[in-house]
file work02.txt (compact mmCIF, C-alpha atoms and all ligand atoms)
# COMPACT_ATOMS: atom_id res chain seq x y z
CA MET A 20 140.68 14.94 127.82
CA LEU A 21 143.46 16.65 129.78
CA LYS A 22 143.68 19.28 127.04
CA GLY A 23 139.95 19.92 127.36
CA LYS A 24 140.17 20.42 131.15
CA LYS A 25 143.12 22.79 130.70
CA GLY A 26 141.09 24.72 128.14
CA LEU A 27 138.21 25.01 130.59
CA ARG A 28 140.57 26.20 133.31
CA ILE A 29 141.96 28.90 130.99
CA LEU A 30 138.42 29.92 129.99
CA PHE A 31 137.42 30.08 133.66
CA SER A 32 140.49 32.23 134.47
CA VAL A 33 139.69 34.61 131.60
CA VAL A 34 136.03 34.94 132.70
CA LEU A 35 137.16 35.56 136.29
CA ALA A 36 139.66 38.21 135.16
CA VAL A 37 136.93 39.96 133.12
CA ILE A 38 134.58 39.96 136.16
CA VAL A 39 137.32 41.34 138.45
CA ALA A 40 138.16 44.05 135.88
CA ALA A 41 134.47 44.98 135.51
CA VAL A 42 134.00 45.26 139.28
CA ALA A 43 137.20 47.34 139.50
CA MET A 44 135.88 49.65 136.75
CA ILE A 45 132.55 50.15 138.54
CA THR A 46 134.41 50.98 141.77
CA GLU A 47 136.77 53.32 139.94
CA ASN A 48 133.90 55.11 138.20
CA ALA A 49 132.10 55.40 141.47
CA ASN A 50 135.14 56.97 143.06
CA VAL A 51 133.65 55.88 146.33
CA ASP A 52 134.75 53.07 148.59
CA HIS A 53 132.43 50.77 150.48
CA VAL A 54 129.38 51.49 148.30
CA THR A 55 128.02 48.98 145.82
CA VAL A 56 125.37 49.43 143.15
CA GLY A 57 121.89 49.41 144.71
CA GLU A 58 122.93 51.07 147.98
CA MET A 59 122.74 54.59 149.37
CA PHE A 60 124.52 55.66 152.53
CA ILE A 61 123.44 58.76 154.44
CA ASP A 62 125.94 60.13 156.93
CA PHE A 63 125.10 62.83 159.42
CA VAL A 64 128.66 63.88 160.18
CA ASP A 65 129.17 65.12 163.73
CA VAL A 66 130.39 68.71 163.30
CA GLY A 67 129.27 69.94 166.72
CA GLN A 68 126.88 72.91 166.49
CA GLY A 69 126.26 72.84 162.73
CA ASP A 70 125.05 70.68 159.87
CA CYS A 71 126.85 68.30 157.52
CA THR A 72 125.14 65.50 155.61
CA LEU A 73 126.86 63.21 153.12
CA ILE A 74 124.87 61.07 150.69
CA ARG A 75 126.71 58.38 148.72
CA THR A 76 125.73 55.87 146.09
CA ALA A 77 127.97 53.88 143.74
CA ASP A 78 127.54 56.58 141.10
CA ALA A 79 127.06 59.89 142.93
CA VAL A 80 128.15 61.91 145.95
CA ILE A 81 126.12 64.77 147.41
CA LEU A 82 127.28 66.88 150.35
CA VAL A 83 124.79 69.11 152.11
CA ASP A 84 126.56 71.80 154.18
CA ALA A 85 129.89 71.14 155.94
CA GLY A 86 129.69 72.79 159.37
CA GLU A 87 131.94 75.54 160.77
CA ALA A 88 135.47 76.17 159.42
CA GLY A 89 136.79 74.89 162.77
CA THR A 90 135.61 71.33 162.06
CA ALA A 91 136.67 71.30 158.39
CA ASP A 92 139.44 68.76 159.10
CA THR A 93 136.86 66.30 160.48
CA VAL A 94 134.78 66.50 157.31
CA VAL A 95 137.73 66.45 154.89
CA SER A 96 139.27 63.41 156.65
CA TYR A 97 135.95 61.55 156.70
CA LEU A 98 135.35 62.10 152.97
CA LYS A 99 138.93 61.03 152.14
CA GLU A 100 138.58 57.97 154.36
CA LYS A 101 135.56 57.00 152.24
CA GLY A 102 137.62 57.27 149.05
CA ILE A 103 135.80 60.35 147.78
CA LYS A 104 137.69 62.47 145.25
CA ASN A 105 134.82 64.00 143.31
CA ILE A 106 131.63 65.52 144.71
CA ASP A 107 128.84 65.69 142.15
CA CYS A 108 126.81 68.25 144.07
CA CYS A 109 127.25 70.40 147.16
CA ILE A 110 124.13 72.01 148.57
CA ALA A 111 124.96 75.15 150.55
CA THR A 112 121.61 75.51 152.32
CA HIS A 113 122.17 79.13 153.45
CA PRO A 114 125.18 81.33 154.15
CA HIS A 115 125.56 80.98 157.93
CA SER A 116 128.96 79.86 159.22
CA ASP A 117 127.67 76.66 160.90
CA HIS A 118 126.58 75.47 157.43
CA ILE A 119 129.00 76.96 154.90
CA GLY A 120 132.04 77.70 157.11
CA ALA A 121 134.00 74.61 156.03
CA LEU A 122 132.87 74.54 152.40
CA TYR A 123 135.88 76.54 151.15
CA ARG A 124 138.09 73.65 152.32
CA ILE A 125 135.84 71.15 150.53
CA PHE A 126 136.23 73.17 147.31
CA GLU A 127 140.02 73.13 147.78
CA GLU A 128 140.39 69.45 148.62
CA PHE A 129 137.86 67.83 146.26
CA SER A 130 136.72 68.29 142.70
CA VAL A 131 133.18 69.70 142.96
CA ASP A 132 130.98 69.71 139.87
CA THR A 133 127.89 71.62 141.02
CA VAL A 134 126.95 73.86 143.94
CA LEU A 135 123.30 74.59 144.63
CA LEU A 136 122.59 77.64 146.77
CA PRO A 137 119.56 79.77 147.59
CA ASP A 138 118.86 82.84 145.49
CA ILE A 139 119.11 85.29 148.37
CA PRO A 140 117.98 88.93 148.08
CA ASP A 141 120.79 91.52 147.84
CA GLU A 142 120.08 93.05 151.24
CA LEU A 143 120.67 89.67 152.95
CA ILE A 144 124.03 88.94 151.30
CA PRO A 145 126.47 88.55 154.19
CA THR A 146 129.60 90.67 154.50
CA THR A 147 131.35 88.18 156.80
CA SER A 148 134.86 86.81 156.16
CA THR A 149 133.28 83.30 156.18
CA TYR A 150 131.13 84.29 153.23
CA GLU A 151 134.10 85.90 151.43
CA LYS A 152 136.05 82.64 151.79
CA PHE A 153 133.06 80.67 150.52
CA LEU A 154 132.81 82.94 147.46
CA ASP A 155 136.56 82.62 146.78
CA GLY A 156 136.24 78.83 147.04
CA LEU A 157 133.38 78.81 144.52
CA GLU A 158 135.93 79.78 141.87
CA ASN A 159 137.05 76.10 141.91
CA VAL A 160 133.51 74.85 141.21
CA LYS A 161 132.29 74.08 137.67
CA ASN A 162 128.55 74.94 137.95
CA ILE A 163 127.00 77.31 140.49
CA ILE A 164 123.21 77.21 140.45
CA PRO A 165 120.92 79.48 142.49
CA ALA A 166 117.98 77.16 143.13
CA GLY A 167 114.48 77.34 144.58
CA ALA A 168 111.23 75.40 144.94
CA GLY A 169 110.32 73.42 141.84
CA ASP A 170 113.89 72.79 140.66
CA ASP A 171 114.86 69.20 140.07
CA PHE A 172 118.29 67.67 139.53
CA ASP A 173 119.60 64.18 138.81
CA PHE A 174 123.06 63.01 139.81
CA GLY A 175 123.55 59.34 138.91
CA SER A 176 120.90 57.35 140.75
CA LEU A 177 120.13 60.26 143.11
CA ASN A 178 117.41 62.82 142.53
CA ILE A 179 117.27 66.21 144.25
CA ASP A 180 113.85 67.80 144.43
CA VAL A 181 114.15 71.37 145.72
CA LEU A 182 110.99 72.14 147.73
CA GLY A 183 111.85 75.43 149.39
CA PRO A 184 112.06 78.30 149.76
CA VAL A 185 108.81 78.94 147.89
CA LYS A 186 109.27 82.72 148.09
CA GLU A 187 111.68 85.43 149.17
CA TYR A 188 112.10 86.17 152.89
CA ASP A 189 113.95 88.84 154.85
CA ASP A 190 115.59 86.19 157.04
CA LEU A 191 118.47 83.92 155.99
CA ASN A 192 117.15 80.90 157.93
CA HIS A 193 113.85 81.06 156.02
CA MET A 194 115.85 81.28 152.77
CA SER A 195 117.40 77.81 153.46
CA LEU A 196 117.21 75.44 150.54
CA VAL A 197 114.91 72.57 151.47
CA SER A 198 115.69 69.47 149.41
CA LYS A 199 114.33 65.99 149.19
CA VAL A 200 117.01 63.59 148.02
CA SER A 201 115.58 60.33 146.67
CA PHE A 202 117.09 56.98 145.85
CA GLY A 203 114.67 54.35 144.54
CA ASN A 204 111.65 54.42 146.84
CA THR A 205 113.53 56.00 149.75
CA SER A 206 114.23 59.64 150.54
CA VAL A 207 115.78 62.13 152.93
CA MET A 208 114.41 65.61 153.68
CA LEU A 209 117.16 68.17 154.28
CA THR A 210 115.93 71.42 155.71
CA GLY A 211 118.93 73.57 156.67
CA ASP A 212 117.72 76.11 159.23
CA THR A 213 114.28 76.62 157.72
CA GLU A 214 111.71 77.74 160.28
CA THR A 215 107.96 77.39 160.63
CA PRO A 216 106.85 80.40 158.51
CA ALA A 217 108.73 78.88 155.54
CA GLU A 218 107.44 75.36 156.40
CA THR A 219 103.88 76.72 156.42
CA ASP A 220 104.35 78.43 153.05
CA MET A 221 105.71 75.22 151.51
CA LEU A 222 102.66 73.30 152.72
CA LYS A 223 100.35 75.81 150.98
CA LYS A 224 101.59 74.44 147.66
CA ARG A 225 99.35 71.70 146.37
CA ASN A 226 100.37 68.44 144.74
CA VAL A 227 103.78 68.30 146.39
CA ASP A 228 104.87 65.10 148.07
CA TYR A 229 106.67 66.18 151.26
CA SER A 230 106.90 62.67 152.68
CA ALA A 231 110.39 61.31 153.39
CA ASP A 232 111.89 58.39 155.32
CA ILE A 233 114.43 60.55 157.14
CA LEU A 234 113.93 64.14 158.29
CA LYS A 235 116.91 66.32 159.15
CA VAL A 236 115.15 68.35 161.84
CA GLY A 237 115.11 72.06 160.97
CA HIS A 238 117.44 74.56 162.66
CA HIS A 239 119.18 72.09 164.99
CA GLY A 240 115.93 71.29 166.81
CA SER A 241 114.99 74.89 167.61
CA LYS A 242 111.40 75.41 168.81
CA THR A 243 110.86 77.78 165.87
CA SER A 244 111.03 74.87 163.38
CA THR A 245 109.41 71.47 162.85
CA SER A 246 105.77 72.44 163.31
CA GLU A 247 103.23 69.68 163.87
CA LYS A 248 101.88 70.23 160.36
CA TRP A 249 105.34 69.99 158.80
CA LEU A 250 106.17 66.83 160.76
CA LYS A 251 102.84 65.32 159.75
CA ALA A 252 103.46 66.13 156.08
CA VAL A 253 106.97 64.67 156.07
CA ASN A 254 105.84 61.74 158.19
CA PRO A 255 109.37 60.35 158.65
CA GLN A 256 110.40 57.01 160.08
CA PHE A 257 113.65 58.54 161.37
CA ALA A 258 114.68 62.06 162.36
CA VAL A 259 118.12 63.48 163.04
CA VAL A 260 118.94 66.54 165.12
CA SER A 261 122.37 67.95 164.29
CA CYS A 262 123.69 70.07 167.16
CA GLY A 263 126.61 70.48 169.56
CA LEU A 264 126.75 69.04 173.07
CA ASP A 265 125.61 71.60 175.69
CA ASN A 266 125.27 74.27 173.00
CA ASP A 267 124.45 77.87 174.00
CA TYR A 268 121.10 77.83 172.20
CA GLY A 269 119.52 74.98 174.16
CA HIS A 270 119.10 72.95 170.95
CA PRO A 271 117.21 70.74 170.61
CA HIS A 272 114.28 72.37 172.39
CA LYS A 273 112.36 70.07 174.72
CA SER A 274 109.09 70.75 172.88
CA ILE A 275 110.60 69.45 169.62
CA VAL A 276 111.98 66.33 171.28
CA ASN A 277 108.52 65.75 172.79
CA ARG A 278 106.88 66.34 169.41
CA LEU A 279 109.11 63.74 167.73
CA GLU A 280 108.33 61.28 170.53
CA ASN A 281 104.58 61.94 170.33
CA PHE A 282 104.67 61.31 166.58
CA GLY A 283 106.47 57.99 167.19
CA VAL A 284 109.50 59.08 165.16
CA GLU A 285 112.77 57.28 165.89
CA TYR A 286 115.17 60.20 166.40
CA TYR A 287 118.90 60.51 166.86
CA ARG A 288 121.07 63.43 168.02
CA THR A 289 124.63 64.11 166.93
CA ASP A 290 125.33 65.85 170.28
CA LEU A 291 124.62 62.62 172.18
CA GLU A 292 125.45 59.94 169.62
CA GLY A 293 128.09 61.55 167.39
CA HIS A 294 128.19 60.42 163.78
CA ILE A 295 124.93 58.84 162.56
CA LEU A 296 124.85 56.55 159.52
CA PHE A 297 121.90 55.09 157.62
CA LYS A 298 121.79 52.74 154.66
CA SER A 299 119.11 52.36 152.00
CA ASP A 300 118.62 49.46 149.61
CA GLY A 301 116.22 51.55 147.53
CA ASN A 302 113.17 50.25 149.39
CA GLU A 303 114.04 50.35 153.05
CA ILE A 304 116.29 52.44 155.29
CA THR A 305 118.16 50.96 158.21
CA LEU A 306 120.27 52.57 160.90
CA ILE A 307 123.87 51.38 160.79
CA LYS A 308 125.05 53.51 163.71
ZN ZN B 1 122.42 76.46 161.61

call {"tool": "encode", "arguments": {"input": "work02.txt", "output": "structure tokens"}}
result
Amino acid sequence: MLKGKKGLRILFSVVLAVIVAAVAMITENANVDHVTVGEMFIDFVDVGQGDCTLIRTADAVILVDAGEAGTADTVVSYLKEKGIKNIDCCIATHPHSDHIGALYRIFEEFSVDTVLLPDIPDELIPTTSTYEKFLDGLENVKNIIPAGAGDDFDFGSLNIDVLGPVKEYDDLNHMSLVSKVSFGNTSVMLTGDTETPAETDMLKKRNVDYSADILKVGHHGSKTSTSEKWLKAVNPQFAVVSCGLDNDYGHPHKSIVNRLENFGVEYYRTDLEGHILFKSDGNEITLIK
């Protein structure tokens, strides 16, 4: 009898050890702390006047822009705090310093598999030192893919549907990569600094599902983005404006704040609230902070 109980105890210990090892392996593979299978976290990192969005699941990490070089330490520390060592995909929406300025540090500090960037016309290629640094940093990246509307990528349980730009423009903001990142039945629309002419051109395309649960408001809430038609097409539950407190541009513009309110969208601003974090269970998104 006693022998039998001891045997059971040993069996139980072995089963427990196997479960612990399996969980440890999943965590190790994920390379990400605090995320379990079936969850997606979306961080709008407060980088002042700029954009930086981090999307994490148990099996993939996507970083969309990283703000100015001056706030690189904030982003690097945050990613390290979350246990991130490898970034599956960085989206560099467009080569302005408030979006790509800190990316060279990201390429130095983390292993980055893929960078998606817009296929910008030669005459718009910047000659700034920020862009030079970005290009130098790209030498550490395995795959560099110029992307555009219609491209589709899978990283673990995350899907990136590139929706814009749908054509070439003579303005870098309009050339911003617009991506819908989906996890299960939930999604986030990331717009960079795309403005209304590019929004309007996207909407001319038929049979494209522009709806998303969260909208990163275009161009830091400038009045030249987030048209009524675009907002109606995305039809988000939540919106986030990423901008600096008392910035020189007057972002977000009052008309855009009013538009979000009139549409009944729950919106948050990094200038007033700092870091903003959402969580998805694959069906529903909730605000954590
Ligand atoms: Zn910008």

call {"tool": "residues_near_ligand", "arguments": {"input": "work02.txt", "ligand": "ligand ZN 1 (chain B)", "cutoff": "9 Å", "atoms": "all atoms listed in the file", "output": "PyMOL selection string"}}
result
chain A and resi 68-70+86+113+115-118+192+211-212+237-239+261-262

call {"tool": "closest_residue", "arguments": {"input": "work02.txt", "among": "A:Val200, A:Ile110, A:Val54, A:Val181", "to": "Cys71 (chain A)", "atoms": "all atoms listed in the file"}}
result
A:Ile110

call {"tool": "atom_distance", "arguments": {"input": "work02.txt", "atom1": "CA of Thr112 (chain A)", "atom2": "CA of Pro137 (chain A)"}}
result
6.7 Å

call {"tool": "atom_distance", "arguments": {"input": "work02.txt", "atom1": "CA of Glu151 (chain A)", "atom2": "CA of Val66 (chain A)"}}
result
21.2 Å

call {"tool": "atom_distance", "arguments": {"input": "work02.txt", "atom1": "CA of Val259 (chain A)", "atom2": "CA of Thr289 (chain A)"}}
result
7.6 Å

call {"tool": "closest_residue", "arguments": {"input": "work02.txt", "among": "A:Asp290, A:Asp107, A:Glu285, A:Glu128", "to": "Asp232 (chain A)", "atoms": "only C-alpha atoms"}}
result
A:Glu285

call {"tool": "closest_residue", "arguments": {"input": "work02.txt", "among": "A:Lys235, A:His270, A:Lys161, A:Lys298", "to": "Arg75 (chain A)", "atoms": "all atoms listed in the file"}}
result
A:Lys298

call {"tool": "closest_residue", "arguments": {"input": "work02.txt", "among": "A:Arg278, A:Ile144, A:Asp65, A:Val160", "to": "Cys109 (chain A)", "atoms": "all atoms listed in the file"}}
result
A:Val160

call {"tool": "residues_around", "arguments": {"input": "work02.txt", "residues": "Ile61 (chain A)", "least_positions_apart": "4", "cutoff": "9 Å", "atoms": "all atoms listed in the file", "output": "PyMOL selection string"}}
result
chain A and resi 72-75+207+295-299

call {"tool": "closest_residue", "arguments": {"input": "work02.txt", "among": "A:Tyr287, A:Phe174, A:Tyr229, A:Phe126", "to": "Ser198 (chain A)", "atoms": "all atoms listed in the file"}}
result
A:Tyr229

call {"tool": "residues_around", "arguments": {"input": "work02.txt", "residues": "Tyr286 (chain A)", "least_positions_apart": "5", "cutoff": "8 Å", "atoms": "all atoms listed in the file", "output": "PDB file with C-alpha atoms, in the frame of the given file"}}
result
ATOM      1  CA  PHE A 257     113.650  58.540 161.370  1.00  0.00           C
ATOM      2  CA  ALA A 258     114.680  62.060 162.360  1.00  0.00           C
ATOM      3  CA  VAL A 259     118.120  63.480 163.040  1.00  0.00           C
ATOM      4  CA  VAL A 260     118.940  66.540 165.120  1.00  0.00           C
ATOM      5  CA  LEU A 279     109.110  63.740 167.730  1.00  0.00           C
TER       6      LEU A 279
END

call {"tool": "residues_around", "arguments": {"input": "work02.txt", "residues": "Ala168 (chain A)", "least_positions_apart": "4", "cutoff": "9 Å", "atoms": "all atoms listed in the file", "output": "mmCIF file with C-alpha atoms, in the frame of the given file"}}
result
data_model
loop_
_atom_site.group_PDB
_atom_site.id
_atom_site.type_symbol
_atom_site.label_atom_id
_atom_site.label_comp_id
_atom_site.auth_asym_id
_atom_site.auth_seq_id
_atom_site.Cartn_x
_atom_site.Cartn_y
_atom_site.Cartn_z
ATOM 1 C CA ASP A 180 113.850 67.800 144.430
ATOM 2 C CA VAL A 181 114.150 71.370 145.720
ATOM 3 C CA LEU A 182 110.990 72.140 147.730
ATOM 4 C CA GLY A 183 111.850 75.430 149.390
ATOM 5 C CA PRO A 184 112.060 78.300 149.760
ATOM 6 C CA VAL A 185 108.810 78.940 147.890
ATOM 7 C CA LYS A 186 109.270 82.720 148.090
ATOM 8 C CA LEU A 196 117.210 75.440 150.540
ATOM 9 C CA VAL A 197 114.910 72.570 151.470
ATOM 10 C CA SER A 198 115.690 69.470 149.410
ATOM 11 C CA MET A 221 105.710 75.220 151.510
#

call {"tool": "closest_residue", "arguments": {"input": "work02.txt", "among": "A:Asp267, A:Asp78, A:Glu187, A:Asp92", "to": "Asp173 (chain A)", "atoms": "all atoms listed in the file"}}
result
A:Asp78

call {"tool": "residues_around", "arguments": {"input": "work02.txt", "residues": "Ser246 (chain A)", "least_positions_apart": "4", "cutoff": "8 Å", "atoms": "only C-alpha atoms", "output": "list in words"}}
result
Thr215, Glu218 and Leu250 of chain A

call {"tool": "write_last_selection", "arguments": {"input": "work02.txt", "atoms": "C-alpha atoms", "output": "PDB file, in the frame of the given file"}}
result
ATOM      1  CA  THR A 215     107.960  77.390 160.630  1.00  0.00           C
ATOM      2  CA  GLU A 218     107.440  75.360 156.400  1.00  0.00           C
ATOM      3  CA  LEU A 250     106.170  66.830 160.760  1.00  0.00           C
TER       4      LEU A 250
END

call {"tool": "residues_around", "arguments": {"input": "work02.txt", "residues": "Ala231 (chain A)", "least_positions_apart": "2", "cutoff": "7 Å", "atoms": "all atoms listed in the file", "output": "count of residues only"}}
result
9
